[in-house]
>>> print(open('input.txt').read())   # compact mmCIF, C-alpha atoms and all ligand atoms
# COMPACT_ATOMS: atom_id res chain seq x y z
CA MET A 2 0.00 0.00 0.00
CA LYS A 3 1.34 3.42 -0.97
CA ILE A 4 0.57 7.11 -0.64
CA THR A 5 0.13 8.44 -4.16
CA ARG A 6 -0.79 12.09 -3.66
CA VAL A 7 -1.34 14.80 -1.06
CA GLU A 8 -3.90 17.48 -1.93
CA THR A 9 -4.88 20.69 -0.16
CA HIS A 10 -8.41 22.09 -0.31
CA VAL A 11 -8.76 25.65 0.97
CA CYS A 12 -12.15 26.84 2.20
CA ASN A 13 -12.68 30.44 3.28
CA ALA A 14 -14.56 30.55 6.60
CA ARG A 15 -14.39 34.31 7.23
CA MET A 16 -11.89 34.70 10.01
CA ARG A 17 -9.83 31.77 8.80
CA ASN A 18 -9.21 29.84 5.63
CA TRP A 19 -9.68 26.21 6.57
CA ILE A 20 -6.93 24.16 4.94
CA PHE A 21 -8.11 20.59 4.47
CA VAL A 22 -5.49 17.97 3.59
CA LYS A 23 -6.43 14.90 1.59
CA VAL A 24 -3.90 12.07 1.59
CA ILE A 25 -4.72 9.66 -1.24
CA THR A 26 -3.50 6.06 -1.51
CA ASP A 27 -3.16 3.57 -4.36
CA GLN A 28 -6.14 1.59 -2.96
CA PRO A 29 -9.33 2.58 -4.79
CA GLY A 30 -11.50 4.84 -2.59
CA LEU A 31 -9.01 4.91 0.30
CA TRP A 32 -7.98 8.37 1.43
CA GLY A 33 -7.77 10.31 4.69
CA TRP A 34 -8.68 13.85 5.72
CA GLY A 35 -6.54 16.13 7.83
CA GLU A 36 -6.57 19.84 8.59
CA ALA A 37 -3.74 22.37 8.56
CA THR A 38 -5.51 25.68 9.14
CA LEU A 39 -3.19 28.55 10.12
CA GLU A 40 -4.75 32.00 10.03
CA TRP A 41 -2.86 34.57 7.93
CA HIS A 42 -0.42 31.90 6.70
CA THR A 43 -2.59 29.98 4.25
CA ARG A 44 -0.29 30.29 1.23
CA SER A 45 2.80 29.32 3.24
CA VAL A 46 1.15 26.24 4.74
CA VAL A 47 -0.17 25.08 1.36
CA GLY A 48 3.41 25.41 0.02
CA ALA A 49 4.87 23.65 3.07
CA ILE A 50 2.49 20.71 2.58
CA GLU A 51 3.72 20.40 -0.99
CA ASP A 52 7.34 20.45 0.27
CA VAL A 53 6.79 17.95 3.10
CA SER A 54 4.73 15.59 0.95
CA GLN A 55 7.85 14.94 -1.18
CA LEU A 56 9.10 12.87 1.78
CA ILE A 57 6.11 10.57 2.05
CA VAL A 58 4.62 10.04 -1.41
CA GLY A 59 5.39 6.42 -2.32
CA GLU A 60 5.53 5.36 1.36
CA ASP A 61 3.19 3.00 3.23
CA PRO A 62 0.53 5.16 5.00
CA ARG A 63 0.20 2.60 7.83
CA ARG A 64 3.69 3.40 9.17
CA ILE A 65 2.47 6.57 10.92
CA GLU A 66 5.25 6.93 13.48
CA HIS A 67 7.92 6.27 10.86
CA LEU A 68 6.42 8.87 8.52
CA TRP A 69 6.12 11.35 11.42
CA GLN A 70 9.84 10.88 12.13
CA MET A 71 10.61 11.46 8.44
CA MET A 72 8.50 14.63 8.28
CA ASN A 73 9.96 15.97 11.53
CA ARG A 74 13.61 15.18 11.05
CA GLN A 75 14.40 14.95 7.36
CA HIS A 76 15.00 17.90 5.03
CA PHE A 77 17.51 19.13 7.71
CA TRP A 78 15.10 21.57 9.40
CA HIS A 79 13.04 20.02 12.16
CA GLY A 80 9.26 20.35 12.18
CA ASN A 81 9.25 22.75 15.12
CA ASN A 82 8.17 25.97 13.45
CA VAL A 83 4.52 26.77 13.08
CA VAL A 84 4.30 26.59 9.27
CA ARG A 85 6.04 23.24 8.91
CA GLY A 86 4.50 21.95 12.16
CA THR A 87 1.05 22.75 10.80
CA ALA A 88 1.81 21.07 7.46
CA ILE A 89 3.03 17.92 9.25
CA SER A 90 -0.02 17.97 11.52
CA GLY A 91 -2.44 18.10 8.59
CA ILE A 92 -0.80 15.11 6.92
CA ASP A 93 -0.46 13.16 10.19
CA ILE A 94 -4.17 13.58 11.05
CA ALA A 95 -5.07 12.25 7.59
CA LEU A 96 -2.86 9.18 8.18
CA TRP A 97 -4.81 8.34 11.38
CA ASP A 98 -8.03 8.66 9.36
CA ILE A 99 -6.64 6.25 6.75
CA LEU A 100 -5.49 3.73 9.37
CA GLY A 101 -8.94 3.70 10.98
CA LYS A 102 -10.53 3.11 7.57
CA ILE A 103 -8.12 0.23 6.85
CA HIS A 104 -9.01 -1.51 10.14
CA ASN A 105 -12.65 -0.34 10.04
CA VAL A 106 -12.48 1.18 13.56
CA PRO A 107 -12.69 4.76 14.83
CA SER A 108 -9.28 6.37 15.31
CA HIS A 109 -9.70 6.44 19.11
CA GLU A 110 -9.58 2.64 19.12
CA LEU A 111 -6.12 2.84 17.61
CA MET A 112 -4.97 5.29 20.31
CA GLY A 113 -5.67 2.90 23.20
CA GLY A 114 -9.45 2.63 23.04
CA LYS A 115 -12.30 4.47 24.69
CA VAL A 116 -11.58 5.78 28.20
CA ARG A 117 -14.80 7.81 28.66
CA ASP A 118 -18.45 7.78 27.57
CA PHE A 119 -18.75 11.43 26.59
CA ILE A 120 -16.75 14.65 26.18
CA ARG A 121 -17.87 18.01 27.51
CA LEU A 122 -17.64 20.92 25.05
CA TYR A 123 -17.06 24.56 25.83
CA SER A 124 -17.87 27.54 23.67
CA HIS A 125 -16.47 31.00 23.13
CA LEU A 126 -18.79 33.84 24.12
CA GLY A 127 -20.83 34.30 20.95
CA GLY A 128 -20.20 30.70 19.87
CA GLY A 129 -17.39 31.60 17.46
CA LYS A 130 -18.88 34.80 16.06
CA MET A 131 -15.69 36.77 15.93
CA GLU A 132 -17.21 40.18 16.76
CA ASP A 133 -18.76 38.88 20.01
CA PHE A 134 -15.63 37.14 21.20
CA TYR A 135 -12.94 39.58 20.18
CA GLN A 136 -14.68 42.92 19.99
CA THR A 137 -16.92 43.08 23.07
CA LYS A 138 -15.58 46.13 24.88
CA PRO A 139 -13.88 45.41 28.19
CA ASP A 140 -15.79 48.27 29.83
CA ASP A 141 -19.11 46.61 28.92
CA ALA A 142 -19.50 44.10 31.78
CA ASN A 143 -23.25 43.77 31.07
CA ARG A 144 -22.60 42.55 27.54
CA PHE A 145 -20.26 39.87 28.95
CA ALA A 146 -23.05 38.74 31.28
CA GLU A 147 -25.59 38.68 28.40
CA LEU A 148 -23.33 36.57 26.20
CA ALA A 149 -22.57 34.26 29.14
CA LEU A 150 -26.30 33.65 29.63
CA GLN A 151 -26.64 33.01 25.89
CA SER A 152 -23.97 30.26 26.14
CA VAL A 153 -25.80 28.66 29.05
CA ALA A 154 -29.12 28.89 27.15
CA GLU A 155 -27.42 27.03 24.29
CA GLY A 156 -26.69 24.19 26.71
CA PHE A 157 -23.04 24.86 27.52
CA SER A 158 -21.81 24.21 31.07
CA ALA A 159 -18.53 26.02 30.36
CA PHE A 160 -17.50 28.97 28.22
CA LYS A 161 -14.47 31.12 27.49
CA SER A 162 -14.28 34.90 27.41
CA MET A 163 -11.73 37.56 26.59
CA ALA A 164 -12.41 39.63 29.68
CA VAL A 165 -8.81 40.86 29.93
CA PRO A 166 -8.31 43.98 27.82
CA VAL A 167 -5.30 44.85 25.69
CA THR A 168 -2.75 46.52 27.94
CA ASP A 169 0.56 48.19 27.41
CA THR A 170 3.59 46.61 29.10
CA LEU A 171 2.59 48.37 32.28
CA GLU A 172 -0.69 50.08 33.10
CA GLY A 173 -2.49 51.19 36.26
CA LEU A 174 -5.64 49.90 37.92
CA LYS A 175 -8.21 50.64 35.20
CA PRO A 176 -7.80 47.52 33.04
CA ILE A 177 -7.60 45.33 36.14
CA HIS A 178 -10.91 46.77 37.34
CA TYR A 179 -12.47 46.23 33.90
CA ALA A 180 -11.46 42.57 33.93
CA GLU A 181 -12.74 42.09 37.47
CA ALA A 182 -16.06 43.75 36.64
CA CYS A 183 -16.57 41.56 33.55
CA VAL A 184 -15.77 38.33 35.39
CA ALA A 185 -17.90 39.35 38.38
CA ALA A 186 -20.84 40.11 36.04
CA MET A 187 -20.51 36.74 34.31
CA ARG A 188 -20.24 34.88 37.64
CA ASP A 189 -23.31 36.71 38.99
CA ALA A 190 -25.23 35.84 35.83
CA VAL A 191 -24.44 32.13 35.63
CA GLY A 192 -23.78 31.13 39.26
CA VAL A 193 -21.28 28.59 40.49
CA ASP A 194 -22.43 25.57 38.49
CA VAL A 195 -21.10 26.92 35.20
CA ASP A 196 -17.38 27.01 34.47
CA ILE A 197 -15.88 30.29 33.29
CA MET A 198 -12.57 30.57 31.49
CA VAL A 199 -10.63 33.72 30.69
CA ASP A 200 -8.24 33.85 27.75
CA CYS A 201 -5.58 36.58 27.95
CA HIS A 202 -4.51 35.72 24.36
CA ALA A 203 -0.90 36.17 25.55
CA ARG A 204 -1.42 39.93 25.37
CA PRO A 205 -0.17 40.96 28.81
CA SER A 206 3.43 41.43 29.82
CA PRO A 207 4.55 39.06 32.60
CA ARG A 208 3.81 41.69 35.28
CA MET A 209 0.38 42.61 33.90
CA GLY A 210 -0.40 38.88 33.51
CA MET A 211 0.44 38.39 37.20
CA GLN A 212 -1.80 41.29 38.22
CA PHE A 213 -4.75 39.95 36.20
CA ALA A 214 -4.23 36.46 37.63
CA LYS A 215 -4.25 37.77 41.21
CA ALA A 216 -7.28 40.00 40.64
CA LEU A 217 -9.35 37.21 39.07
CA GLU A 218 -8.33 34.50 41.55
CA PRO A 219 -11.37 34.99 43.85
CA TYR A 220 -13.81 34.24 40.99
CA GLY A 221 -12.88 30.56 40.77
CA LEU A 222 -12.07 30.41 37.06
CA TYR A 223 -11.96 26.93 35.57
CA PHE A 224 -8.76 28.03 33.90
CA PHE A 225 -6.84 31.20 33.09
CA GLU A 226 -5.33 31.04 29.62
CA GLU A 227 -2.06 32.37 28.15
CA PRO A 228 -1.34 35.03 30.80
CA CYS A 229 1.70 36.19 28.79
CA TRP A 230 3.74 35.31 25.71
CA PRO A 231 4.78 31.66 25.31
CA GLU A 232 8.36 32.97 25.08
CA HIS A 233 8.02 33.94 28.76
CA MET A 234 7.65 30.38 30.02
CA THR A 235 9.43 31.04 33.32
CA ASP A 236 7.08 33.95 33.99
CA ILE A 237 4.06 31.77 33.21
CA ALA A 238 5.46 29.32 35.77
CA ARG A 239 5.80 32.14 38.30
CA ILE A 240 2.16 33.15 37.73
CA GLN A 241 1.00 29.54 38.14
CA GLU A 242 2.96 29.29 41.38
CA SER A 243 1.33 32.48 42.72
CA VAL A 244 -2.35 31.61 42.26
CA THR A 245 -4.61 28.63 42.89
CA THR A 246 -6.37 29.24 39.54
CA PRO A 247 -5.23 26.62 37.00
CA VAL A 248 -3.14 28.25 34.27
CA ALA A 249 -3.67 26.88 30.75
CA THR A 250 -1.30 27.34 27.83
CA GLY A 251 0.29 25.57 24.87
CA GLU A 252 -1.69 26.52 21.76
CA ARG A 253 1.39 28.18 20.20
CA LEU A 254 3.84 25.40 21.02
CA THR A 255 4.85 23.40 18.00
CA SER A 256 7.15 20.68 19.30
CA ILE A 257 7.07 17.96 21.93
CA HIS A 258 10.22 19.53 23.38
CA ALA A 259 8.46 22.81 24.11
CA PHE A 260 5.78 20.86 26.02
CA ARG A 261 8.55 19.05 27.91
CA ASP A 262 10.01 22.43 28.94
CA LEU A 263 6.61 23.76 29.99
CA LEU A 264 5.93 20.70 32.13
CA SER A 265 9.36 20.61 33.72
CA LEU A 266 8.87 24.24 34.81
CA ARG A 267 5.46 23.30 36.32
CA ALA A 268 4.18 26.30 34.32
CA ALA A 269 0.64 25.07 33.62
CA SER A 270 -2.12 22.90 35.05
CA VAL A 271 -3.80 22.51 31.67
CA LEU A 272 -2.00 21.88 28.37
CA GLN A 273 -3.68 23.16 25.23
CA PRO A 274 -1.88 21.50 22.33
CA ASP A 275 -3.42 22.42 19.00
CA ILE A 276 -3.59 19.14 17.09
CA VAL A 277 -3.41 21.13 13.88
CA HIS A 278 -0.07 22.76 14.87
CA CYS A 279 1.69 20.59 17.48
CA GLY A 280 2.60 17.77 15.07
CA GLY A 281 -0.78 16.11 14.70
CA LEU A 282 -2.26 13.21 16.62
CA THR A 283 1.11 11.46 16.78
CA ALA A 284 2.63 14.40 18.67
CA ALA A 285 -0.52 14.79 20.80
CA LEU A 286 -0.10 11.19 22.00
CA LYS A 287 3.47 11.93 23.10
CA ILE A 288 2.33 15.13 24.84
CA ARG A 289 -0.50 13.33 26.67
CA ALA A 290 1.93 10.80 28.10
CA MET A 291 4.26 13.53 29.37
CA ALA A 292 1.33 15.46 30.86
CA GLU A 293 0.01 12.33 32.57
CA ALA A 294 3.37 11.85 34.28
CA TYR A 295 3.08 15.39 35.68
CA GLY A 296 -0.60 15.06 36.65
CA VAL A 297 -1.51 17.83 34.21
CA SER A 298 -4.81 18.01 32.28
CA ILE A 299 -5.31 18.40 28.53
CA ALA A 300 -7.86 20.61 26.78
CA PRO A 301 -6.89 21.00 23.12
CA HIS A 302 -7.00 24.36 21.37
CA ASN A 303 -9.62 23.98 18.64
CA PRO A 304 -11.08 27.13 17.11
CA GLN A 305 -10.53 25.94 13.51
CA GLY A 306 -12.51 23.78 11.14
CA PRO A 307 -14.43 20.51 11.41
CA VAL A 308 -11.54 18.09 10.77
CA SER A 309 -9.63 19.64 13.67
CA THR A 310 -12.71 19.11 15.85
CA ALA A 311 -13.10 15.46 14.82
CA ALA A 312 -9.40 14.81 15.49
CA SER A 313 -9.55 16.60 18.87
CA LEU A 314 -12.54 14.49 19.89
CA GLU A 315 -11.09 11.18 18.69
CA PHE A 316 -7.99 12.01 20.74
CA GLY A 317 -10.16 12.87 23.76
CA PHE A 318 -12.06 9.58 23.76
CA ALA A 319 -8.75 7.76 24.23
CA THR A 320 -6.95 10.22 26.55
CA PRO A 321 -7.41 9.81 30.33
CA ASN A 322 -6.22 13.29 31.35
CA TYR A 323 -8.39 15.08 28.75
CA ILE A 324 -10.94 17.36 30.47
CA ILE A 325 -12.90 19.37 27.89
CA CYS A 326 -12.91 20.31 24.19
CA GLU A 327 -13.04 23.83 22.74
CA THR A 328 -15.60 24.27 19.94
CA VAL A 329 -17.00 26.97 17.73
CA HIS A 330 -20.37 26.63 16.02
CA ASN A 331 -21.36 30.13 14.87
CA ASP A 332 -18.34 31.06 12.74
CA VAL A 333 -20.06 30.46 9.38
CA PRO A 334 -23.69 29.43 8.85
CA TRP A 335 -22.78 26.70 6.35
CA ARG A 336 -20.31 24.89 8.68
CA GLU A 337 -22.51 21.78 8.82
CA GLU A 338 -22.71 21.58 5.01
CA VAL A 339 -18.96 21.10 4.67
CA VAL A 340 -18.79 18.05 6.87
CA GLN A 341 -20.82 15.04 7.88
CA GLU A 342 -19.71 14.13 11.37
CA GLY A 343 -19.71 10.66 12.90
CA PHE A 344 -20.03 11.76 16.52
CA SER A 345 -23.26 13.09 18.06
CA ILE A 346 -23.71 16.28 20.04
CA ASN A 347 -26.36 16.41 22.74
CA LYS A 348 -27.42 20.04 22.37
CA SER A 349 -29.21 20.11 25.73
CA ASN A 350 -25.92 19.79 27.64
CA ARG A 351 -23.29 20.12 24.87
CA THR A 352 -21.68 16.77 25.38
CA VAL A 353 -20.45 14.51 22.60
CA THR A 354 -20.73 10.75 22.36
CA PRO A 355 -18.22 8.87 20.23
CA SER A 356 -18.40 7.97 16.60
CA ALA A 357 -18.58 4.32 15.56
CA LYS A 358 -17.49 5.20 12.02
CA PRO A 359 -13.97 4.31 10.84
CA GLY A 360 -11.11 6.77 11.18
CA LEU A 361 -12.20 10.30 12.07
CA GLY A 362 -15.73 9.34 11.04
CA ILE A 363 -16.17 12.35 8.74
CA GLU A 364 -17.13 12.94 5.14
CA ILE A 365 -15.98 16.21 3.60
CA ASN A 366 -18.08 17.78 0.87
CA GLU A 367 -15.61 19.05 -1.74
CA ALA A 368 -18.35 20.76 -3.76
CA ILE A 369 -19.20 23.01 -0.77
CA ILE A 370 -15.50 23.82 -0.26
CA LYS A 371 -15.32 25.00 -3.89
CA LYS A 372 -18.13 27.47 -3.19
CA HIS A 373 -15.92 29.24 -0.63
CA PRO A 374 -12.50 29.72 -2.23
CA PHE A 375 -9.51 31.39 -0.57
CA GLU A 376 -9.90 34.99 0.49
CA GLN A 377 -7.34 37.05 2.33
CA GLU A 378 -8.12 36.79 6.04
CA LEU A 379 -9.47 39.92 7.74
CA PRO A 380 -6.63 41.72 9.52
CA GLN A 381 -6.72 41.80 13.34
CA ARG A 382 -4.06 44.30 14.37
CA VAL A 383 -3.56 45.96 17.72
CA PHE A 384 -1.90 49.27 18.48
CA TYR A 385 -1.67 50.78 21.93
CA LYS A 386 -3.15 54.21 22.64
CA ASP A 387 0.14 55.91 21.76
CA GLY A 388 0.42 54.10 18.42
CA ALA A 389 2.99 51.50 19.49
CA VAL A 390 2.41 47.92 18.39
CA GLY A 391 0.53 45.55 20.67
CA ASP A 392 -0.62 41.93 20.52
CA TRP A 393 -4.03 40.91 19.18
MG MG B 401 -6.29 30.99 23.39
>>> encode(input="input.txt", output="structure tokens")
Amino acid sequence: MKITRVETHVCNARMRNWIFVKVITDQPGLWGWGEATLEWHTRSVVGAIEDVSQLIVGEDPRRIEHLWQMMNRQHFWHGNNVVRGTAISGIDIALWDILGKIHNVPSHELMGGKVRDFIRLYSHLGGGKMEDFYQTKPDDANRFAELALQSVAEGFSAFKSMAVPVTDTLEGLKPIHYAEACVAAMRDAVGVDVDIMVDCHARPSPRMGMQFAKALEPYGLYFFEEPCWPEHMTDIARIQESVTTPVATGERLTSIHAFRDLLSLRAASVLQPDIVHCGGLTAALKIRAMAEAYGVSIAPHNPQGPVSTAASLEFGFATPNYIICETVHNDVPWREEVVQEGFSINKSNRTVTPSAKPGLGIEINEAIIKKHPFEQELPQRVFYKDGAVGDW
């Protein structure tokens, strides 16, 4: 059995172009789907997939670990930058889909088998509608409460918000008070039975991140995400040491070695590998084992397209330390036309039960993809009040 071709299918979904990867074999009708979506880098990833595929065309698709080693270590440069890491991830996910189809079992059975009956989902405020999540003003605590209630009305028992405003490297009390007011309003609205998460989007400096973490500690967040840049790993560790709130991070880490460093610093209580960037399901399995040894939970980063979601869920059904899965459902109205999913969502409590279909259990509709060709992603740029550059 041989891989004969690797194709990319780009589908514009407003904020992102979903990059679907189709790995085709010499067996009639046998192919696998992966995803390699990387906002604002679509052309580079499509090119990187073409480059990386030179290593694996002609190889046996069943030798997933061997192919992962090839893609990571050959061509001199390792797969630890985000463009190549994303390309490798897209191909790797498709290989797990193919292997499941060959053995006629869902991919989670190949990753150790089912360890749980269902997976809890969490939403972004607004359900993935970019304006609600990213552009709700931090001085509008009432709007945060309204959107929180909307998430609960949609059945979610957990949601994530961006209640921490953009701040310069150092600012006074005002942004801290804004964040506190927003989180207090959400907690008042939903009570203690619903889990609230705050994503700092790695905007704050280490000192501002520490101040936000301390101020929000009394509100019992489920987790506090990316309190500062991933390059400041020691500072993230310092923040985690200073508060009882679990710190979550890892969506921008693109090698197993970076996760090793994060864990050895005890910098996070929740790892958020993005299966579309970290090196695919093969890397995610290595990361889960390291996290288990440290007693750390896993909640994958998953704001992209439907293949990423299917892969994140298949991984979750076989991963003991997996706690919850990020999802978006309101990004584009035609999301459900692109994919037929094998798993089922209970919309009354937003839990997912596993798929019995082989591989990732999905069918991708290529005709719908063609209706939404590549478009340049909308820019999301941040400047501080004085015009200096900030982080989005
Ligand atoms: Mg995040």
>>> closest_atom_pairs(input="input.txt", of="range 318-350 of chain A", to="range 100-117 of chain A", cutoff="9 Å", atoms="all atoms listed in the file", output="Markdown table")
| residue | atom | partner | partner_atom | distance |
| --- | --- | --- | --- | --- |
| A:Phe318 | CA | A:Lys115 | CA | 5.2 |
| A:Ala319 | CA | A:Lys115 | CA | 4.9 |
| A:Thr320 | CA | A:Val116 | CA | 6.6 |
| A:Pro321 | CA | A:Val116 | CA | 6.2 |
>>> residues_near_ligand(input="input.txt", ligand="ligand MG 401 (chain B)", cutoff="7 Å", atoms="all atoms listed in the file", output="VMD selection string")
chain A and resid 200 202 226 to 227 252 302
>>> residues_around(input="input.txt", residues="Thr43 in chain A", least_positions_apart="4", cutoff="7 Å", atoms="only C-alpha atoms", output="PyMOL selection string")
chain A and resi 18+39+47
>>> closest_residue(input="input.txt", among="A:Trp34, A:Phe224, A:Tyr123, A:Trp41", to="Gln381 in chain A", atoms="only C-alpha atoms")
A:Trp41
>>> atom_distance(input="input.txt", atom1="CA of Gly210 in chain A", atom2="CA of Ser162 in chain A")
15.7 Å
>>> atom_distance(input="input.txt", atom1="CA of Glu51 in chain A", atom2="CA of Asp93 in chain A")
14.0 Å
>>> atom_distance(input="input.txt", atom1="CA of Gly35 in chain A", atom2="CA of Ser270 in chain A")
28.4 Å
>>> closest_residue(input="input.txt", among="A:Ser313, A:Thr168, A:Thr245, A:Gln341", to="Ile325 in chain A", atoms="all atoms listed in the file")
A:Ser313
>>> closest_residue(input="input.txt", among="A:Tyr385, A:Pro228, A:Ala146, A:Cys326", to="Arg188 in chain A", atoms="only C-alpha atoms")
A:Ala146
>>> residues_around(input="input.txt", residues="Ala203 in chain A", least_positions_apart="2", cutoff="10 Å", atoms="only C-alpha atoms", output="list in words")
Val167, Asp200, Cys201, Pro205, Ser206, Pro207, Gly210, Glu226, Glu227, Pro228, Cys229, Trp230, Pro231, Glu232, His233, Thr250, Arg253, Asp392 and Trp393 of chain A
>>> residues_around(input="input.txt", residues="range 73-82 of chain A", least_positions_apart="2", cutoff="8 Å", atoms="all atoms listed in the file", output="MDAnalysis selection string")
chainID A and resid 56 69:71 84:86 89 255:256 280
>>> residues_around(input="input.txt", residues="Leu379 in chain A", least_positions_apart="2", cutoff="10 Å", atoms="only C-alpha atoms", output="list in words")
Arg15, Met16, Arg17, Glu40, Trp41, Glu376, Gln377, Gln381 and Arg382 of chain A
>>> residues_around(input="input.txt", residues="Gly306 in chain A", least_positions_apart="4", cutoff="12 Å", atoms="all atoms listed in the file", output="ChimeraX atom specification")
/A:11-22,34-40,91,129,276-277,302,310-313,327-333,335-337,339-340,365,370
>>> axis_aligned_box(input="input.txt", around="range 186-200 of chain A", padding_each_side="3 Å", output="AutoDock Vina command-line options")
--center_x -16.7 --center_y 32.8 --center_z 34.1 --size_x 23.0 --size_y 20.5 --size_z 18.7
>>> closest_residue(input="input.txt", among="A:Ile4, A:Asp140, A:Thr170, A:Gly59", to="Gly391 in chain A", atoms="all atoms listed in the file")
A:Thr170
>>> closest_residue(input="input.txt", among="A:Asp118, A:Glu60, A:Asp169, A:Glu8", to="Gly388 in chain A", atoms="only C-alpha atoms")
A:Asp169
